[in-house]
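Here is the file input_33.csv (CSV, C-alpha atoms and all ligand atoms).
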chain,number,residue,atom,x,y,z
G,1,MET,CA,8.2,-21.6,-5.5
G,2,LYS,CA,11.0,-20.2,-3.4
G,3,ASN,CA,8.8,-17.5,-1.7
G,4,LEU,CA,7.2,-19.1,1.4
G,5,LEU,CA,4.3,-16.7,1.3
G,6,LEU,CA,3.4,-17.4,-2.3
G,7,LYS,CA,3.8,-21.0,-1.6
G,8,GLN,CA,0.9,-20.8,0.9
G,9,VAL,CA,-1.4,-19.1,-1.6
G,10,GLY,CA,-4.2,-21.4,-2.7
G,11,ARG,CA,-4.2,-22.8,-6.3
G,12,ALA,CA,-7.2,-20.7,-7.5
G,13,ASP,CA,-5.7,-17.5,-6.0
G,14,PHE,CA,-2.3,-18.3,-7.5
G,15,GLU,CA,-3.8,-18.8,-10.9
G,16,ARG,CA,-5.4,-15.3,-10.7
G,17,LEU,CA,-2.0,-13.8,-9.7
G,18,GLU,CA,0.3,-15.7,-12.0
G,19,PRO,CA,-0.2,-13.6,-15.2
G,20,HIS,CA,0.8,-10.5,-13.1
G,21,LEU,CA,4.0,-11.9,-11.6
G,22,LYS,CA,7.4,-11.1,-13.0
G,23,THR,CA,10.8,-12.2,-11.7
G,24,THR,CA,13.3,-9.4,-11.7
G,25,ALA,CA,16.9,-9.1,-10.4
G,26,PHE,CA,17.6,-6.3,-8.0
G,27,ALA,CA,21.0,-4.8,-7.2
G,28,GLN,CA,22.1,-4.1,-3.6
G,29,HIS,CA,20.8,-0.7,-2.3
G,30,SER,CA,18.0,-0.4,-4.9
G,31,VAL,CA,15.1,1.6,-3.4
G,32,LEU,CA,11.7,-0.1,-3.9
G,33,PHE,CA,9.7,2.8,-2.5
G,34,GLU,CA,10.2,5.9,-0.5
G,35,THR,CA,8.5,7.0,2.7
G,36,ASP,CA,5.2,8.9,1.8
G,37,GLN,CA,5.3,7.6,-1.8
G,38,LYS,CA,2.5,5.6,-3.3
G,39,ILE,CA,3.4,2.0,-3.5
G,40,LYS,CA,3.0,0.7,-7.1
G,41,HIS,CA,4.1,-2.9,-6.9
G,42,VAL,CA,4.2,-5.7,-4.4
G,43,TYR,CA,7.5,-7.6,-4.0
G,44,PHE,CA,7.9,-11.2,-3.1
G,45,PRO,CA,11.7,-11.8,-2.6
G,46,ILE,CA,13.0,-15.1,-3.6
G,47,GLY,CA,16.8,-14.4,-3.3
G,48,ALA,CA,17.0,-10.7,-2.4
G,49,VAL,CA,16.7,-9.5,1.2
G,50,VAL,CA,14.8,-6.2,1.7
G,51,SER,CA,15.0,-3.8,4.7
G,52,LEU,CA,12.2,-1.6,5.8
G,53,VAL,CA,13.9,1.5,7.2
G,54,VAL,CA,12.7,4.5,9.0
G,55,THR,CA,14.1,7.7,7.5
G,56,LEU,CA,14.9,10.8,9.5
G,57,SER,CA,15.0,14.5,8.4
G,58,THR,CA,18.8,14.4,9.1
G,59,GLY,CA,19.2,11.8,6.3
G,60,GLU,CA,19.9,8.9,8.7
G,61,MET,CA,18.0,5.7,8.4
G,62,VAL,CA,17.5,2.9,10.9
G,63,GLU,CA,16.0,-0.6,10.1
G,64,ALA,CA,12.6,-1.5,11.5
G,65,ALA,CA,12.2,-4.9,9.8
G,66,MET,CA,13.9,-7.3,7.4
G,67,VAL,CA,11.9,-9.2,4.8
G,68,GLY,CA,13.1,-12.0,2.4
G,69,SER,CA,11.8,-15.2,1.0
G,70,ASP,CA,9.6,-15.6,4.1
G,71,GLY,CA,7.4,-12.6,3.2
G,72,VAL,CA,6.3,-9.8,1.0
G,73,VAL,CA,7.1,-6.1,0.8
G,74,GLY,CA,4.4,-3.5,0.0
G,75,ALA,CA,1.3,-5.8,0.6
G,76,SER,CA,-0.3,-3.1,2.8
G,77,ALA,CA,-0.9,-1.2,-0.4
G,78,ALA,CA,-3.0,-4.1,-1.7
G,79,LEU,CA,-4.9,-3.9,1.6
G,80,ASP,CA,-5.7,-0.3,0.9
G,81,GLY,CA,-2.7,1.4,2.6
G,82,ARG,CA,-2.3,4.5,0.5
G,83,VAL,CA,1.3,5.4,0.9
G,84,ALA,CA,4.5,3.8,2.2
G,85,VAL,CA,5.2,4.5,5.9
G,86,CYS,CA,8.9,3.6,5.5
G,87,ARG,CA,11.6,3.2,2.8
G,88,GLY,CA,12.0,-0.2,1.2
G,89,ILE,CA,15.6,-0.9,0.3
G,90,VAL,CA,17.3,-4.0,-1.1
G,91,GLN,CA,19.9,-5.0,1.4
G,92,LEU,CA,21.3,-8.0,-0.3
G,93,ASP,CA,20.9,-8.4,-4.1
G,94,GLY,CA,18.9,-11.1,-5.7
G,95,ASP,CA,15.7,-11.9,-7.4
G,96,ILE,CA,12.2,-10.7,-6.5
G,97,ILE,CA,8.9,-11.7,-7.9
G,98,VAL,CA,7.2,-8.3,-8.6
G,99,CYS,CA,3.4,-8.3,-8.6
G,100,ASP,CA,1.0,-5.7,-10.0
G,101,ILE,CA,-0.7,-4.0,-7.0
G,102,ASP,CA,-4.2,-4.0,-8.5
G,103,ALA,CA,-4.0,-7.8,-9.3
G,104,LEU,CA,-3.1,-8.6,-5.7
G,105,LYS,CA,-5.8,-6.3,-4.4
G,106,SER,CA,-8.5,-7.8,-6.7
G,107,ALA,CA,-7.4,-11.4,-5.8
G,108,ALA,CA,-7.4,-10.6,-2.1
G,109,LEU,CA,-10.9,-9.2,-2.3
G,110,GLN,CA,-12.1,-12.4,-3.9
G,111,SER,CA,-10.4,-14.7,-1.4
G,112,PRO,CA,-10.8,-14.6,2.4
G,113,ASN,CA,-7.9,-17.0,2.6
G,114,LEU,CA,-5.5,-14.8,0.7
G,115,LEU,CA,-6.7,-11.7,2.6
G,116,SER,CA,-6.1,-13.5,5.9
G,117,LEU,CA,-2.6,-14.6,4.8
G,118,LEU,CA,-1.7,-11.0,3.9
G,119,ILE,CA,-3.1,-9.6,7.1
G,120,ARG,CA,-1.2,-12.2,9.2
G,121,HIS,CA,2.0,-11.3,7.3
G,122,GLU,CA,1.5,-7.6,8.0
G,123,GLN,CA,1.1,-8.5,11.7
G,124,ALA,CA,4.4,-10.4,11.5
G,125,VAL,CA,6.2,-7.4,10.1
G,126,TYR,CA,4.6,-5.2,12.8
G,127,ALA,CA,5.8,-7.7,15.4
G,128,GLN,CA,9.3,-7.4,13.9
G,129,ALA,CA,9.2,-3.6,14.0
G,130,GLN,CA,8.0,-3.4,17.6
G,131,GLN,CA,10.7,-5.9,18.6
G,132,SER,CA,13.3,-3.7,16.9
G,133,ALA,CA,12.1,-0.7,19.0
G,134,ALA,CA,12.4,-2.8,22.3
G,135,CYS,CA,15.8,-4.1,21.1
G,136,PHE,CA,17.1,-0.7,20.3
G,137,ALA,CA,16.1,0.6,23.7
G,138,THR,CA,17.3,-2.3,25.8
G,139,HIS,CA,19.9,-4.6,24.2
G,140,MET,CA,23.7,-4.1,23.7
G,141,VAL,CA,25.2,-3.6,20.3
G,142,GLU,CA,27.0,-6.9,20.3
G,143,ALA,CA,23.7,-8.9,20.9
G,144,ARG,CA,21.9,-6.7,18.4
G,145,LEU,CA,24.5,-7.3,15.7
G,146,CYS,CA,24.4,-11.1,16.3
G,147,ARG,CA,20.5,-11.0,16.0
G,148,TRP,CA,20.8,-9.0,12.8
G,149,LEU,CA,23.4,-11.3,11.2
G,150,LEU,CA,21.4,-14.4,12.0
G,151,ARG,CA,18.2,-12.9,10.4
G,152,ALA,CA,20.2,-11.9,7.3
G,153,ARG,CA,21.7,-15.4,7.2
G,154,ASP,CA,18.3,-17.1,7.4
G,155,LEU,CA,16.9,-15.0,4.6
G,156,SER,CA,19.8,-15.1,2.3
G,157,GLU,CA,20.4,-18.8,3.0
G,158,GLY,CA,24.2,-18.2,2.9
G,159,ASP,CA,27.0,-17.7,5.3
G,160,THR,CA,28.7,-14.9,3.4
G,161,LEU,CA,27.0,-11.5,3.7
G,162,ASN,CA,28.1,-8.5,1.7
G,163,PHE,CA,27.9,-5.7,4.2
G,164,THR,CA,30.2,-2.8,4.9
G,165,GLN,CA,30.7,-1.7,8.5
G,166,GLU,CA,29.2,1.7,7.6
G,167,TYR,CA,26.0,0.0,6.4
G,168,LEU,CA,25.7,-2.2,9.4
G,169,ALA,CA,26.2,0.8,11.7
G,170,GLU,CA,23.5,2.7,9.8
G,171,MET,CA,21.0,-0.2,10.0
G,172,LEU,CA,21.6,-0.7,13.7
G,173,GLY,CA,21.5,3.1,14.4
G,174,VAL,CA,25.0,3.0,16.1
G,175,ARG,CA,28.4,4.6,15.5
G,176,ARG,CA,30.7,2.9,13.0
G,177,THR,CA,33.3,2.6,15.7
G,178,SER,CA,30.9,0.5,17.8
G,179,VAL,CA,30.4,-1.9,14.9
G,180,THR,CA,34.2,-2.1,14.4
G,181,VAL,CA,34.8,-3.0,18.1
G,182,VAL,CA,32.0,-5.6,18.2
G,183,ALA,CA,33.0,-7.2,14.8
G,184,HIS,CA,36.5,-7.5,16.2
G,185,THR,CA,35.2,-9.2,19.4
G,186,LEU,CA,33.1,-11.6,17.4
G,187,GLN,CA,36.0,-12.4,15.1
G,188,ALA,CA,38.3,-13.0,18.0
G,189,ALA,CA,35.7,-15.4,19.4
G,190,GLY,CA,35.7,-17.3,16.1
G,191,LEU,CA,32.1,-16.5,15.3
G,192,ILE,CA,32.6,-14.5,12.1
G,193,LYS,CA,35.4,-13.5,9.8
G,194,TYR,CA,35.4,-10.0,8.6
G,195,ALA,CA,37.2,-8.8,5.5
G,196,ARG,CA,36.6,-5.7,3.3
G,197,GLY,CA,32.9,-5.4,3.0
G,198,LYS,CA,32.2,-9.1,3.6
G,199,ILE,CA,31.2,-11.0,6.7
G,200,GLN,CA,31.5,-14.7,6.8
G,201,ILE,CA,29.6,-16.5,9.5
G,202,LEU,CA,31.8,-19.3,10.9
G,203,ASP,CA,29.7,-20.4,13.9
G,204,ALA,CA,26.0,-19.8,13.7
G,205,ASP,CA,25.3,-21.6,17.0
G,206,GLY,CA,27.8,-19.3,18.7
G,207,LEU,CA,26.1,-16.3,17.2
G,208,ARG,CA,22.7,-17.6,18.5
G,209,GLU,CA,24.2,-17.8,22.0
G,210,SER,CA,25.4,-14.2,21.8
G,211,ALA,CA,22.3,-12.8,20.2
G,212,CYS,CA,19.5,-11.2,22.2
G,213,GLU,CA,16.2,-12.9,22.6
G,214,CYS,CA,14.7,-10.8,19.8
G,215,TYR,CA,16.1,-13.2,17.1
G,216,GLY,CA,14.1,-16.1,18.6
G,217,THR,CA,11.0,-14.0,19.4
G,218,VAL,CA,10.7,-12.7,15.8
G,219,LYS,CA,11.2,-16.3,14.5
G,220,LEU,CA,8.5,-17.6,16.7
G,221,HIS,CA,6.1,-14.8,15.6
G,222,TYR,CA,6.7,-15.8,12.0
G,223,GLU,CA,6.2,-19.5,12.7
G,224,ARG,CA,2.9,-18.8,14.6
G,225,LEU,CA,1.5,-16.3,12.2
G,226,LEU,CA,2.6,-17.8,8.9
G,227,ASN,CA,3.4,-21.4,9.3
G,228,GLY,CA,0.4,-22.5,11.3
G,229,ARG,CA,2.5,-23.5,14.4
G,230,ARG,CA,0.3,-23.6,17.5
G,231,ASP,CA,1.6,-23.7,21.0
C,1,ZN,ZN,17.2,-7.5,21.0

Let me see whether you can do it: turn the structure in this file into structure tokens.
Amino acid sequence: MKNLLLKQVGRADFERLEPHLKTTAFAQHSVLFETDQKIKHVYFPIGAVVSLVVTLSTGEMVEAAMVGSDGVVGASAALDGRVAVCRGIVQLDGDIIVCDIDALKSAALQSPNLLSLLIRHEQAVYAQAQQSAACFATHMVEARLCRWLLRARDLSEGDTLNFTQEYLAEMLGVRRTSVTVVAHTLQAAGLIKYARGKIQILDADGLRESACECYGTVKLHYERLLNGRRD
């Protein structure tokens, strides 16, 4: 199982869920759900990367959290969240295991372990969103872009990311010209190579050095909450 969360589901719980799981390919920019809409399915990404974005009345959207094969999207609905509080959008195309919402809810109600796993995951997503708020208010665009590229790289397990500068600017909530300047600086430093709508990561260690602390902080939250790391 390529989804780390599903991997942690106990055997009996997984057997209950299995008949309701369906692997589906999703194209980049597919919208899984809209803000204020009822969530109908739960999504366990196995190749795709999904962004949870805040939408504004002016049409702008800014990313609050990024979820991939280390998590699940829409699980709050199975925990009785009634409507989506953000938009779920596929940021990098790939496969997602789609699960029936009632099946997950019923399995969670029968299993304290599964319920606990889902709650811990929601807490990890919350930690990511609050980190994004602090990051937006405090950190420079270059450090934020490095953080963002590293997270996308971890989830997509690849060094080539299909992102246009417009899209990056939108996700980071900055002007496109700021992204152009920063991308140029990172390219000149040999950390990335940027060509029409594609970013190739050449030096992940260098990106880590240039990223703000938020990358490491979010990683640690995930490890503590979902991988049982204690320290
Ligand atoms: Zn930051």

Hey, could you make a per-residue contact list for chain G against ligand ZN 1 (chain C) with 10 Å as the cut-off, showing the nearest pair of atoms and its distance in Å to one decimal, counting only C-alpha atoms and all ligand atoms, sorted by chain and number, as a Markdown table?
| residue | atom | partner | partner_atom | distance |
| --- | --- | --- | --- | --- |
| G:Gln131 | CA | C:ZN1 | ZN | 7.1 |
| G:Ser132 | CA | C:ZN1 | ZN | 6.8 |
| G:Ala133 | CA | C:ZN1 | ZN | 8.7 |
| G:Ala134 | CA | C:ZN1 | ZN | 6.8 |
| G:Cys135 | CA | C:ZN1 | ZN | 3.7 |
| G:Phe136 | CA | C:ZN1 | ZN | 6.8 |
| G:Ala137 | CA | C:ZN1 | ZN | 8.6 |
| G:Thr138 | CA | C:ZN1 | ZN | 7.1 |
| G:His139 | CA | C:ZN1 | ZN | 5.1 |
| G:Met140 | CA | C:ZN1 | ZN | 7.8 |
| G:Val141 | CA | C:ZN1 | ZN | 8.9 |
| G:Glu142 | CA | C:ZN1 | ZN | 9.8 |
| G:Ala143 | CA | C:ZN1 | ZN | 6.6 |
| G:Arg144 | CA | C:ZN1 | ZN | 5.4 |
| G:Leu145 | CA | C:ZN1 | ZN | 9.0 |
| G:Cys146 | CA | C:ZN1 | ZN | 9.3 |
| G:Arg147 | CA | C:ZN1 | ZN | 6.9 |
| G:Trp148 | CA | C:ZN1 | ZN | 9.1 |
| G:Ala211 | CA | C:ZN1 | ZN | 7.4 |
| G:Cys212 | CA | C:ZN1 | ZN | 4.5 |
| G:Glu213 | CA | C:ZN1 | ZN | 5.7 |
| G:Cys214 | CA | C:ZN1 | ZN | 4.3 |
| G:Tyr215 | CA | C:ZN1 | ZN | 7.0 |
| G:Gly216 | CA | C:ZN1 | ZN | 9.5 |
| G:Thr217 | CA | C:ZN1 | ZN | 9.1 |
| G:Val218 | CA | C:ZN1 | ZN | 9.8 |

What are the nearest atom pairs, with distances in Å to one decimal, for all residues of stretch 121-193 of chain G that come at most 9 Å from stretch 39-59 of chain G, using all atoms listed in the file, set out by chain and rising residue number as JSON lines?
{"residue": "G:Ala129", "atom": "CA", "partner": "G:Leu52", "partner_atom": "CA", "distance": 9.0}
{"residue": "G:Ala152", "atom": "CA", "partner": "G:Val49", "partner_atom": "CA", "distance": 7.4}
{"residue": "G:Leu155", "atom": "CA", "partner": "G:Val49", "partner_atom": "CA", "distance": 6.5}
{"residue": "G:Ser156", "atom": "CA", "partner": "G:Gly47", "partner_atom": "CA", "distance": 6.4}
{"residue": "G:Glu157", "atom": "CA", "partner": "G:Gly47", "partner_atom": "CA", "distance": 8.5}
{"residue": "G:Met171", "atom": "CA", "partner": "G:Val53", "partner_atom": "CA", "distance": 7.8}

Exercise: residues within 10 Å of coordinate (6.6, 7.4, -2.3), counting only C-alpha atoms, as a PyMOL selection string
chain G and resi 32-40+82-88

Rounded to one decimal, what separation in Å do you get between atom CA of G:Ala108 and atom CA of G:Asp95?
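Value for the atom CA of G:Ala108-atom CA of G:Asp95 distance: 23.7 Å.
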
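Between G:Gly173 and the candidates G:Ile201, G:Ala12, G:Ala25, G:Met61, the tightest atom-to-atom separation, counting only C-alpha atoms, involves G:Met61.
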
So that I can check the surroundings of G:Leu115, please list as a ChimeraX atom specification every protein, DNA and RNA residue that reaches within 12 Å of it, counting only C-alpha atoms and ignoring chain neighbours fewer than 3 positions away.
/G:8-10,13,75-76,78-80,104-112,118-122

Would you kindly return, as a ChimeraX atom specification, each protein, DNA or RNA residue with an atom no farther than 8 Å from any atom of stretch 183-195 of chain G, considering only C-alpha atoms and excluding same-chain residues fewer than 5 positions away?
/G:200-204,206-207

Can you work out which one of G:Gln123, G:Ser116, G:Thr164, G:Asn3 has the shortest atom-to-atom distance to G:Ile199, counting all atoms listed in the file?
G:Thr164

Pick from G:Phe26, G:Asn162, G:Val62, G:Gly197 nearest to G:Arg175, counting all atoms listed in the file:
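Between G:Phe26, G:Asn162, G:Val62, G:Gly197, the residue approaching G:Arg175 most closely is G:Val62.
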
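If you look at atom CA of G:Asp102 and atom CA of G:Ala77, they are 9.2 Å away from each other.
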
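Between atom CA of G:Thr23 and atom CA of G:Met66 there is a distance of 20.0 Å.
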
Counting only C-alpha atoms, the residue of G:Glu60, G:Asp70, G:Asp100, G:Asp93 that sits nearest G:Pro19:
G:Asp100

Check the smallest atom-to-atom distance from each of G:His20, G:Ser30, G:Ser210, G:Glu63 to G:Val90 using only C-alpha atoms, then report the winner.
G:Ser30

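When all atoms listed in the file are used to compute distances to G:Leu21, the closest of the residues G:Asn227, G:Ser69, G:Leu6, G:Cys99 turns out to be G:Cys99.
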